[in-house]
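Heads up, model-v7.tsv below (TSV, C-alpha atoms):
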chain	number	residue	atom	x	y	z
A	1	MET	CA	-15.35	-4.36	27.08
A	2	SER	CA	-17.36	-1.62	25.38
A	3	VAL	CA	-19.92	-2.80	22.83
A	4	ALA	CA	-22.36	-0.38	21.19
A	5	LYS	CA	-26.02	-1.33	21.52
A	6	SER	CA	-26.46	-1.35	17.74
A	7	ALA	CA	-23.64	-3.87	17.20
A	8	LYS	CA	-24.58	-7.36	16.02
A	9	ILE	CA	-22.30	-10.07	17.38
A	10	ALA	CA	-22.69	-13.78	16.68
A	11	GLN	CA	-23.01	-15.96	19.77
A	12	THR	CA	-19.95	-17.98	18.83
A	13	ALA	CA	-17.67	-14.92	18.52
A	14	ILE	CA	-15.10	-14.34	21.27
A	15	ILE	CA	-14.68	-10.71	22.32
A	16	GLU	CA	-12.03	-10.23	25.01
A	17	GLU	CA	-12.62	-7.84	27.89
A	18	GLY	CA	-11.26	-4.40	26.96
A	19	ALA	CA	-12.15	-4.45	23.25
A	20	ILE	CA	-14.14	-1.49	21.91
A	21	ILE	CA	-16.89	-2.24	19.38
A	22	GLY	CA	-18.53	0.72	17.64
A	23	GLU	CA	-22.02	1.45	16.39
A	24	ASN	CA	-23.58	-0.80	13.75
A	25	VAL	CA	-20.64	-3.21	13.73
A	26	GLU	CA	-21.34	-6.78	12.60
A	27	ILE	CA	-19.17	-9.63	13.87
A	28	GLY	CA	-19.74	-13.09	12.43
A	29	HIS	CA	-19.45	-16.59	13.82
A	30	TYR	CA	-16.17	-17.79	15.35
A	31	CYS	CA	-14.42	-14.43	15.15
A	32	VAL	CA	-11.77	-13.69	17.81
A	33	ILE	CA	-11.29	-10.07	18.91
A	34	GLY	CA	-8.43	-9.25	21.30
A	35	LYS	CA	-8.59	-7.03	24.36
A	36	ASP	CA	-6.79	-4.05	22.80
A	37	VAL	CA	-8.76	-3.97	19.55
A	38	LYS	CA	-10.92	-1.01	18.53
A	39	ILE	CA	-13.49	-1.51	15.76
A	40	GLY	CA	-15.07	1.60	14.28
A	41	GLU	CA	-18.62	2.33	13.22
A	42	GLY	CA	-20.17	0.22	10.50
A	43	CYS	CA	-17.40	-2.36	10.15
A	44	LYS	CA	-18.42	-5.84	9.07
A	45	LEU	CA	-16.48	-8.96	10.02
A	46	TYR	CA	-17.52	-12.20	8.37
A	47	ASN	CA	-16.94	-15.54	10.06
A	48	ASN	CA	-13.57	-16.74	11.40
A	49	VAL	CA	-11.82	-13.36	11.42
A	50	THR	CA	-9.02	-12.93	13.98
A	51	ILE	CA	-7.99	-9.45	15.15
A	52	LEU	CA	-5.39	-9.21	17.92
A	53	GLY	CA	-2.86	-6.77	19.35
A	54	ASN	CA	-3.26	-3.01	19.49
A	55	THR	CA	-5.28	-2.86	16.27
A	56	THR	CA	-7.63	-0.03	15.33
A	57	LEU	CA	-10.17	-0.15	12.51
A	58	GLY	CA	-11.77	3.06	11.28
A	59	LYS	CA	-15.32	3.07	9.98
A	60	GLY	CA	-16.90	0.98	7.25
A	61	ASN	CA	-14.18	-1.63	6.88
A	62	GLU	CA	-15.19	-5.05	5.57
A	63	ILE	CA	-13.13	-8.05	6.72
A	64	PHE	CA	-13.73	-11.38	5.00
A	65	PRO	CA	-13.40	-14.94	6.41
A	66	ASN	CA	-10.08	-16.15	7.79
A	67	ALA	CA	-8.32	-12.80	7.60
A	68	THR	CA	-5.79	-12.38	10.43
A	69	LEU	CA	-4.89	-8.88	11.60
A	70	GLY	CA	-2.53	-7.73	14.33
A	71	THR	CA	-0.65	-10.91	15.21
A	72	LYS	CA	3.02	-10.60	16.14
A	73	PRO	CA	5.41	-9.47	13.38
A	74	GLN	CA	7.37	-12.17	11.58
A	75	ASP	CA	10.65	-10.53	12.54
A	76	LEU	CA	13.21	-12.28	14.75
A	77	LYS	CA	14.24	-8.88	16.15
A	78	TYR	CA	10.77	-8.33	17.60
A	79	HIS	CA	10.84	-8.73	21.38
A	80	ASP	CA	7.26	-7.97	22.41
A	81	GLU	CA	7.71	-4.19	22.41
A	82	PRO	CA	4.50	-2.11	22.11
A	83	ASN	CA	3.29	-1.68	18.56
A	84	VAL	CA	0.17	-0.79	16.61
A	85	LEU	CA	-1.75	-1.64	13.47
A	86	ILE	CA	-3.99	1.15	12.20
A	87	PHE	CA	-6.64	1.03	9.47
A	88	GLY	CA	-8.46	4.01	8.02
A	89	ASP	CA	-11.97	3.81	6.57
A	90	PHE	CA	-13.80	1.68	3.99
A	91	ASN	CA	-11.10	-0.88	3.29
A	92	LYS	CA	-11.96	-4.34	1.97
A	93	ILE	CA	-9.76	-7.10	3.40
A	94	ARG	CA	-10.42	-10.36	1.60
A	95	GLU	CA	-10.02	-13.99	2.65
A	96	PHE	CA	-6.82	-15.25	4.33
A	97	THR	CA	-5.11	-11.86	4.26
A	98	MET	CA	-2.51	-11.37	7.02
A	99	ILE	CA	-1.33	-7.95	8.21
A	100	ASN	CA	1.22	-7.49	11.01
A	101	PRO	CA	1.79	-4.49	13.30
A	102	GLY	CA	5.08	-2.59	13.48
A	103	THR	CA	8.41	-3.14	15.21
A	104	GLU	CA	10.72	-0.91	17.19
A	105	GLY	CA	13.11	-0.75	14.24
A	106	GLY	CA	10.47	0.77	11.97
A	107	GLY	CA	8.53	3.15	14.18
A	108	SER	CA	6.33	0.42	15.71
A	109	LYS	CA	3.45	1.21	13.33
A	110	THR	CA	1.84	-0.45	10.34
A	111	ILE	CA	-0.68	1.89	8.72
A	112	ILE	CA	-3.33	1.15	6.09
A	113	GLY	CA	-5.16	4.17	4.67
A	114	ASN	CA	-8.67	4.42	3.21
A	115	HIS	CA	-10.61	2.70	0.41
A	116	ASN	CA	-8.01	-0.01	-0.25
A	117	LEU	CA	-8.82	-3.44	-1.66
A	118	LEU	CA	-6.57	-6.23	-0.41
A	119	MET	CA	-7.54	-9.41	-2.24
A	120	ALA	CA	-7.26	-12.95	-0.92
A	121	TYR	CA	-3.95	-14.17	0.55
A	122	VAL	CA	-2.30	-10.74	0.54
A	123	HIS	CA	0.43	-10.36	3.17
A	124	ILE	CA	1.52	-6.97	4.52
A	125	ALA	CA	4.47	-7.23	6.88
A	126	HIS	CA	5.54	-5.09	9.82
A	127	ASP	CA	6.09	-1.33	9.52
A	128	CYS	CA	4.48	-0.96	6.10
A	129	ILE	CA	2.62	2.22	5.22
A	130	ILE	CA	-0.13	2.02	2.59
A	131	GLY	CA	-1.90	5.11	1.25
A	132	ASP	CA	-5.44	5.33	-0.13
A	133	SER	CA	-7.33	3.58	-2.96
A	134	CYS	CA	-4.69	0.93	-3.61
A	135	ILE	CA	-5.50	-2.48	-5.07
A	136	LEU	CA	-3.33	-5.45	-4.11
A	137	ALA	CA	-4.36	-8.53	-6.08
A	138	ASN	CA	-4.41	-12.11	-4.81
A	139	GLY	CA	-1.20	-13.30	-3.22
A	140	ALA	CA	0.69	-9.99	-3.36
A	141	THR	CA	3.36	-10.06	-0.66
A	142	LEU	CA	4.91	-6.99	0.96
A	143	GLY	CA	8.08	-7.32	3.05
A	144	GLY	CA	8.72	-5.11	6.04
A	145	HIS	CA	9.11	-1.31	5.96
A	146	ILE	CA	7.56	-0.88	2.50
A	147	GLU	CA	5.86	2.42	1.64
A	148	LEU	CA	3.07	2.61	-0.94
A	149	GLY	CA	1.53	5.90	-2.00
A	150	SER	CA	-2.07	6.13	-3.18
A	151	HIS	CA	-3.93	4.77	-6.24
A	152	ILE	CA	-1.39	1.97	-6.73
A	153	ASN	CA	-2.05	-1.42	-8.35
A	154	ILE	CA	-0.01	-4.49	-7.36
A	155	GLY	CA	-0.65	-7.55	-9.52
A	156	GLY	CA	-1.28	-11.03	-8.20
A	157	LEU	CA	1.52	-13.23	-6.82
A	158	THR	CA	3.99	-10.34	-6.81
A	159	PRO	CA	6.52	-10.15	-3.94
A	160	ILE	CA	8.05	-6.80	-3.01
A	161	HIS	CA	11.38	-6.54	-1.18
A	162	GLN	CA	11.57	-4.87	2.21
A	163	PHE	CA	12.20	-1.09	2.31
A	164	VAL	CA	10.92	-0.55	-1.26
A	165	LYS	CA	8.92	2.60	-1.98
A	166	ILE	CA	6.27	2.94	-4.69
A	167	GLY	CA	4.89	6.30	-5.77
A	168	ASP	CA	1.30	7.39	-6.40
A	169	TYR	CA	-0.56	5.98	-9.43
A	170	ALA	CA	2.12	3.36	-10.14
A	171	MET	CA	1.40	-0.21	-11.21
A	172	ILE	CA	3.38	-3.42	-10.68
A	173	ALA	CA	2.35	-6.24	-13.01
A	174	GLY	CA	1.31	-9.64	-11.75
A	175	ALA	CA	3.89	-12.40	-11.22
A	176	SER	CA	6.68	-9.83	-11.00
A	177	ALA	CA	9.35	-9.53	-8.30
A	178	LEU	CA	10.21	-6.00	-7.26
A	179	SER	CA	13.38	-5.08	-5.35
A	180	GLN	CA	13.80	-1.36	-6.15
A	181	ASP	CA	11.76	1.84	-5.98
A	182	ILE	CA	9.12	2.72	-8.57
A	183	PRO	CA	8.40	6.44	-9.11
A	184	PRO	CA	4.89	7.88	-9.31
A	185	PHE	CA	2.89	7.23	-12.50
A	186	CYS	CA	5.17	4.42	-13.73
A	187	MET	CA	4.44	0.81	-14.63
A	188	ALA	CA	6.90	-1.99	-13.84
A	189	GLU	CA	6.97	-5.65	-14.82
A	190	GLY	CA	9.29	-8.64	-14.73
A	191	ASN	CA	11.50	-10.69	-12.43
A	192	ARG	CA	13.34	-8.58	-11.45
A	193	ALA	CA	10.82	-5.90	-12.29
A	194	VAL	CA	11.92	-2.91	-14.36
A	195	ILE	CA	9.99	0.13	-15.51
A	196	ARG	CA	8.19	-0.53	-18.79
A	197	GLY	CA	6.35	2.75	-19.28
A	198	LEU	CA	3.74	4.98	-17.72
A	199	ASN	CA	0.56	3.69	-16.07
A	200	LEU	CA	-1.51	5.43	-18.73
A	201	HIS	CA	-4.78	3.75	-17.80
A	202	ARG	CA	-4.74	5.30	-14.32
A	203	LEU	CA	-3.40	8.60	-15.60
A	204	ARG	CA	-6.12	9.03	-18.21
A	205	LYS	CA	-8.80	8.24	-15.64
A	206	ASN	CA	-7.51	10.69	-13.04
A	207	PHE	CA	-5.73	13.54	-14.82
A	208	GLU	CA	-6.44	16.11	-17.51
A	209	HIS	CA	-4.93	15.61	-20.94
A	210	HIS	CA	-2.41	18.44	-20.54
A	211	GLU	CA	-1.27	16.99	-17.19
A	212	VAL	CA	-0.63	13.59	-18.76
A	213	ASP	CA	1.34	15.26	-21.56
A	214	LYS	CA	3.65	16.97	-19.05
A	215	ILE	CA	4.21	13.72	-17.14
A	216	HIS	CA	4.96	11.94	-20.42
A	217	THR	CA	7.45	14.59	-21.51
A	218	ALA	CA	9.27	14.36	-18.18
A	219	TYR	CA	9.22	10.55	-18.35
A	220	LYS	CA	10.88	10.49	-21.78
A	221	ARG	CA	13.56	12.91	-20.64
A	222	LEU	CA	14.26	10.92	-17.48
A	223	PHE	CA	14.35	7.44	-18.96
A	224	PHE	CA	15.63	8.12	-22.48
A	225	GLY	CA	18.40	10.53	-21.51
A	226	ASN	CA	22.11	9.77	-21.37
A	227	ALA	CA	22.98	11.31	-18.00
A	228	PRO	CA	22.39	9.57	-14.64
A	229	ILE	CA	18.71	9.67	-13.83
A	230	LYS	CA	19.12	11.66	-10.60
A	231	GLU	CA	21.07	14.34	-12.49
A	232	ILE	CA	18.31	14.59	-15.08
A	233	ALA	CA	15.70	14.87	-12.31
A	234	GLN	CA	17.68	17.71	-10.72
A	235	ASP	CA	17.92	19.49	-14.07
A	236	ILE	CA	14.16	19.20	-14.57
A	237	LEU	CA	13.48	20.60	-11.10
A	238	ARG	CA	15.67	23.62	-11.81
A	239	GLU	CA	13.57	24.33	-14.90
A	240	GLU	CA	10.10	23.17	-13.80
A	241	LYS	CA	8.58	25.32	-11.07
A	242	GLN	CA	4.86	24.82	-11.68
A	243	ASP	CA	3.79	21.26	-12.49
A	244	LYS	CA	3.26	19.42	-9.20
A	245	ASN	CA	3.17	15.99	-10.85
A	246	VAL	CA	6.52	16.41	-12.57
A	247	ILE	CA	7.99	17.82	-9.35
A	248	LYS	CA	6.64	14.81	-7.41
A	249	MET	CA	8.20	12.34	-9.86
A	250	CYS	CA	11.59	14.05	-9.82
A	251	ASN	CA	11.71	14.44	-6.05
A	252	PHE	CA	10.89	10.75	-5.64
A	253	ILE	CA	13.76	9.74	-7.93
A	254	ILE	CA	16.23	12.00	-6.15
A	255	ALA	CA	15.20	10.67	-2.73
A	256	SER	CA	15.34	6.98	-3.74
A	257	THR	CA	17.79	4.88	-1.72
A	258	ARG	CA	17.22	1.50	-3.37
A	259	GLY	CA	17.56	2.83	-6.90
A	260	ILE	CA	15.18	2.98	-9.86
A	261	PRO	CA	15.05	-0.18	-12.01
A	262	PHE	CA	15.01	0.63	-15.72
A	263	ILE	CA	16.74	-0.25	-18.95
A	264	ARG	CA	18.29	2.78	-20.63
A	265	LYS	CA	16.62	3.42	-23.97
A	266	ASN	CA	17.96	5.25	-26.98
A	267	ASN	CA	16.45	8.68	-27.46
A	268	GLU	CA	15.34	8.27	-31.04

Please lay out the structure from this file as C-alpha cells.
Amino acid sequence: MSVAKSAKIAQTAIIEEGAIIGENVEIGHYCVIGKDVKIGEGCKLYNNVTILGNTTLGKGNEIFPNATLGTKPQDLKYHDEPNVLIFGDFNKIREFTMINPGTEGGGSKTIIGNHNLLMAYVHIAHDCIIGDSCILANGATLGGHIELGSHINIGGLTPIHQFVKIGDYAMIAGASALSQDIPPFCMAEGNRAVIRGLNLHRLRKNFEHHEVDKIHTAYKRLFFGNAPIKEIAQDILREEKQDKNVIKMCNFIIASTRGIPFIRKNNE
C-alpha cells in the first residue's frame, strides 16, 4: 500500500494492501478501497464509499456517500477477465451512484472523462465511454457499451439502451427512454425518445451566432427533407467543406448503426 503523507484517512476506512493513495486525498469514515485502486491527487471521498477492482481516479474527483465504483459488471457473459474503470479529473459522483468496469466483449474498459456531474442514483454499466462536462441527472441509467460525447445533458430517470451513441452538446429530456442514436447538438424527448429540435440553450452558451445559424440550417435540411436522412447528410458533406460542426453532425448520422429517431416534418 502506498499512501501519500498529506493524505487524510479516517480510522474506520479500510484500505487494502496494494492501493495507491495520492497527495492531499481525503477518505472518510467506513470507506472501502480495494488493492488495485489508484486515487489521484486531491480526491475527496465522503463516508461509506466503496471502490474496488482495477479502478483509477485522476485528480480532484469528489465521491459522495454510498457511491460504488469498480464492482463486477452486471453481465452474465463476464467471467472474471481483467478489466478497468478509469476516471479523469474533477468529476463529481453523487450519492448511491454505481459504475462498473468493462468486459472482454467491449474492450474491457469503462472510461469517464473530466468535469462530469453524475447525480444521485446514476448507473453507468460496463464498457461505457463518457466524454467531458456531461451532466447526468438523478436516476439516469446507461446500459452497456454506450458512448457519450462531451457537454451532454441526460435528464432524471431516463434509461438509455445498450450500444446507443449520443453526440456532443446533445440533451435527452427527463423521464424519456432512448433506444437510438442522437446526433450532436440535438434535443430528444419521449418514450421512445425522438428528436424534438436543437439544444439551443447549450449552443448559444458555447458557440458564436454564425455557428449556430449554420447548425440550424443543416438541421432543417436533414430533418425536414424528403430523402433518407443518410443521403441528405452525404449531400451536405459533398457541399460543405469548411464548417466543422455541420461536418460532425453529418458524419455522426452516416456512421449511426442504431438509427436516428425522428418524425419526418413537412418542409413548409

### Message
Please compute the atom CA of Pro101 of chain A-atom CA of Ala193 of chain A distance, one decimal, in Å.
### Response
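Value for the atom CA of Pro101 of chain A-atom CA of Ala193 of chain A distance: 27.2 Å.
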
#### Entry: Atom pair atom CA of Asp80 of chain A / atom CA of Lys35 of chain A: separation (Å)
16.0 Å

Test item: residues at most 12 Å from segment 146-149 of chain A, only C-alpha atoms, excluding those fewer than 6 positions along its chain, as a JSON list (two decimals) with C-alpha atoms, in the frame of the given file:
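Wrote out_0.json, looks like this:
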[["chain", "number", "residue", "atom", "x", "y", "z"],
["A", 102, "GLY", "CA", 5.08, -2.59, 13.48],
["A", 106, "GLY", "CA", 10.47, 0.77, 11.97],
["A", 109, "LYS", "CA", 3.45, 1.21, 13.33],
["A", 110, "THR", "CA", 1.84, -0.45, 10.34],
["A", 111, "ILE", "CA", -0.68, 1.89, 8.72],
["A", 112, "ILE", "CA", -3.33, 1.15, 6.09],
["A", 113, "GLY", "CA", -5.16, 4.17, 4.67],
["A", 114, "ASN", "CA", -8.67, 4.42, 3.21],
["A", 116, "ASN", "CA", -8.01, -0.01, -0.25],
["A", 123, "HIS", "CA", 0.43, -10.36, 3.17],
["A", 124, "ILE", "CA", 1.52, -6.97, 4.52],
["A", 125, "ALA", "CA", 4.47, -7.23, 6.88],
["A", 126, "HIS", "CA", 5.54, -5.09, 9.82],
["A", 127, "ASP", "CA", 6.09, -1.33, 9.52],
["A", 128, "CYS", "CA", 4.48, -0.96, 6.10],
["A", 129, "ILE", "CA", 2.62, 2.22, 5.22],
["A", 130, "ILE", "CA", -0.13, 2.02, 2.59],
["A", 131, "GLY", "CA", -1.90, 5.11, 1.25],
["A", 132, "ASP", "CA", -5.44, 5.33, -0.13],
["A", 133, "SER", "CA", -7.33, 3.58, -2.96],
["A", 134, "CYS", "CA", -4.69, 0.93, -3.61],
["A", 135, "ILE", "CA", -5.50, -2.48, -5.07],
["A", 136, "LEU", "CA", -3.33, -5.45, -4.11],
["A", 159, "PRO", "CA", 6.52, -10.15, -3.94],
["A", 160, "ILE", "CA", 8.05, -6.80, -3.01],
["A", 161, "HIS", "CA", 11.38, -6.54, -1.18],
["A", 162, "GLN", "CA", 11.57, -4.87, 2.21],
["A", 163, "PHE", "CA", 12.20, -1.09, 2.31],
["A", 164, "VAL", "CA", 10.92, -0.55, -1.26],
["A", 165, "LYS", "CA", 8.92, 2.60, -1.98],
["A", 166, "ILE", "CA", 6.27, 2.94, -4.69],
["A", 167, "GLY", "CA", 4.89, 6.30, -5.77],
["A", 168, "ASP", "CA", 1.30, 7.39, -6.40],
["A", 169, "TYR", "CA", -0.56, 5.98, -9.43],
["A", 170, "ALA", "CA", 2.12, 3.36, -10.14],
["A", 171, "MET", "CA", 1.40, -0.21, -11.21],
["A", 172, "ILE", "CA", 3.38, -3.42, -10.68],
["A", 178, "LEU", "CA", 10.21, -6.00, -7.26],
["A", 179, "SER", "CA", 13.38, -5.08, -5.35],
["A", 180, "GLN", "CA", 13.80, -1.36, -6.15],
["A", 181, "ASP", "CA", 11.76, 1.84, -5.98],
["A", 182, "ILE", "CA", 9.12, 2.72, -8.57],
["A", 183, "PRO", "CA", 8.40, 6.44, -9.11],
["A", 184, "PRO", "CA", 4.89, 7.88, -9.31],
["A", 185, "PHE", "CA", 2.89, 7.23, -12.50],
["A", 248, "LYS", "CA", 6.64, 14.81, -7.41],
["A", 252, "PHE", "CA", 10.89, 10.75, -5.64],
["A", 256, "SER", "CA", 15.34, 6.98, -3.74],
["A", 258, "ARG", "CA", 17.22, 1.50, -3.37]]

Identify, on the basis of all atoms listed in the file, every residue whose closest approach to segment 58-67 of chain A does not exceed 9 Å; exclude the query and any residue fewer than 3 positions from it along the same chain; express the result as a short mmCIF file (atom, residue, chain, number, x, y, z; two decimals) with C-alpha atoms, in the frame of the given file.
data_model
loop_
_atom_site.label_atom_id
_atom_site.label_comp_id
_atom_site.auth_asym_id
_atom_site.auth_seq_id
_atom_site.Cartn_x
_atom_site.Cartn_y
_atom_site.Cartn_z
CA GLY A 22 -18.53 0.72 17.64
CA VAL A 25 -20.64 -3.21 13.73
CA GLY A 28 -19.74 -13.09 12.43
CA CYS A 31 -14.42 -14.43 15.15
CA LYS A 38 -10.92 -1.01 18.53
CA ILE A 39 -13.49 -1.51 15.76
CA GLY A 40 -15.07 1.60 14.28
CA GLU A 41 -18.62 2.33 13.22
CA GLY A 42 -20.17 0.22 10.50
CA CYS A 43 -17.40 -2.36 10.15
CA LYS A 44 -18.42 -5.84 9.07
CA LEU A 45 -16.48 -8.96 10.02
CA TYR A 46 -17.52 -12.20 8.37
CA ASN A 47 -16.94 -15.54 10.06
CA ASN A 48 -13.57 -16.74 11.40
CA VAL A 49 -11.82 -13.36 11.42
CA THR A 50 -9.02 -12.93 13.98
CA ILE A 51 -7.99 -9.45 15.15
CA ILE A 86 -3.99 1.15 12.20
CA PHE A 87 -6.64 1.03 9.47
CA GLY A 88 -8.46 4.01 8.02
CA ASP A 89 -11.97 3.81 6.57
CA PHE A 90 -13.80 1.68 3.99
CA ASN A 91 -11.10 -0.88 3.29
CA LYS A 92 -11.96 -4.34 1.97
CA ILE A 93 -9.76 -7.10 3.40
CA ARG A 94 -10.42 -10.36 1.60
CA GLU A 95 -10.02 -13.99 2.65
CA PHE A 96 -6.82 -15.25 4.33
CA THR A 97 -5.11 -11.86 4.26
CA MET A 98 -2.51 -11.37 7.02
CA ILE A 99 -1.33 -7.95 8.21
CA ASN A 114 -8.67 4.42 3.21
CA HIS A 115 -10.61 2.70 0.41
CA ALA A 120 -7.26 -12.95 -0.92
CA TYR A 121 -3.95 -14.17 0.55
#

### Query
In Å, how far is it from atom CA of Thr103 of chain A to atom CA of Leu85 of chain A?
10.4 Å

### Task
Write out as a PyMOL selection string which residues come within 7 Å of Ala175 of chain A when counting all atoms listed in the file, dropping same-chain ones fewer than 6 positions away.
chain A and resi 155-158

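When only C-alpha atoms are used to measure the gap to Gly53 of chain A, the shortest distance among A:Asp75, A:Glu17, A:Asp36, A:Glu211 belongs to A:Asp36.
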
### Message
For segment 228-236 of chain A, find every residue with an atom within 7 Å (counting all atoms listed in the file), except residues of its own chain fewer than 3 positions away, and show them as a PyMOL selection string.
### Response
chain A and resi 222+239-240+250+253-254

With C-alpha atoms kept, could you save the residues just selected as an mmCIF file, in the coordinates of the input?
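Saved to selection.cif:
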data_model
loop_
_atom_site.group_PDB
_atom_site.id
_atom_site.type_symbol
_atom_site.label_atom_id
_atom_site.label_comp_id
_atom_site.auth_asym_id
_atom_site.auth_seq_id
_atom_site.Cartn_x
_atom_site.Cartn_y
_atom_site.Cartn_z
ATOM 1 C CA LEU A 222 14.260 10.920 -17.480
ATOM 2 C CA GLU A 239 13.570 24.330 -14.900
ATOM 3 C CA GLU A 240 10.100 23.170 -13.800
ATOM 4 C CA CYS A 250 11.590 14.050 -9.820
ATOM 5 C CA ILE A 253 13.760 9.740 -7.930
ATOM 6 C CA ILE A 254 16.230 12.000 -6.150
#

### Selected residue of minimal separation from Leu118 of chain A among A:Ile15, A:Leu52, A:Val194, A:Ala137, counting all atoms listed in the file
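Among the listed residues, A:Ala137 lies closest to Leu118 of chain A.
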
### Residue with smallest distance to Ala177 of chain A - pool A:Lys214, A:Arg192, A:His201, A:Arg221, counting all atoms listed in the file
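Looking only at the distances to Ala177 of chain A, the closest residue turns out to be A:Arg192.
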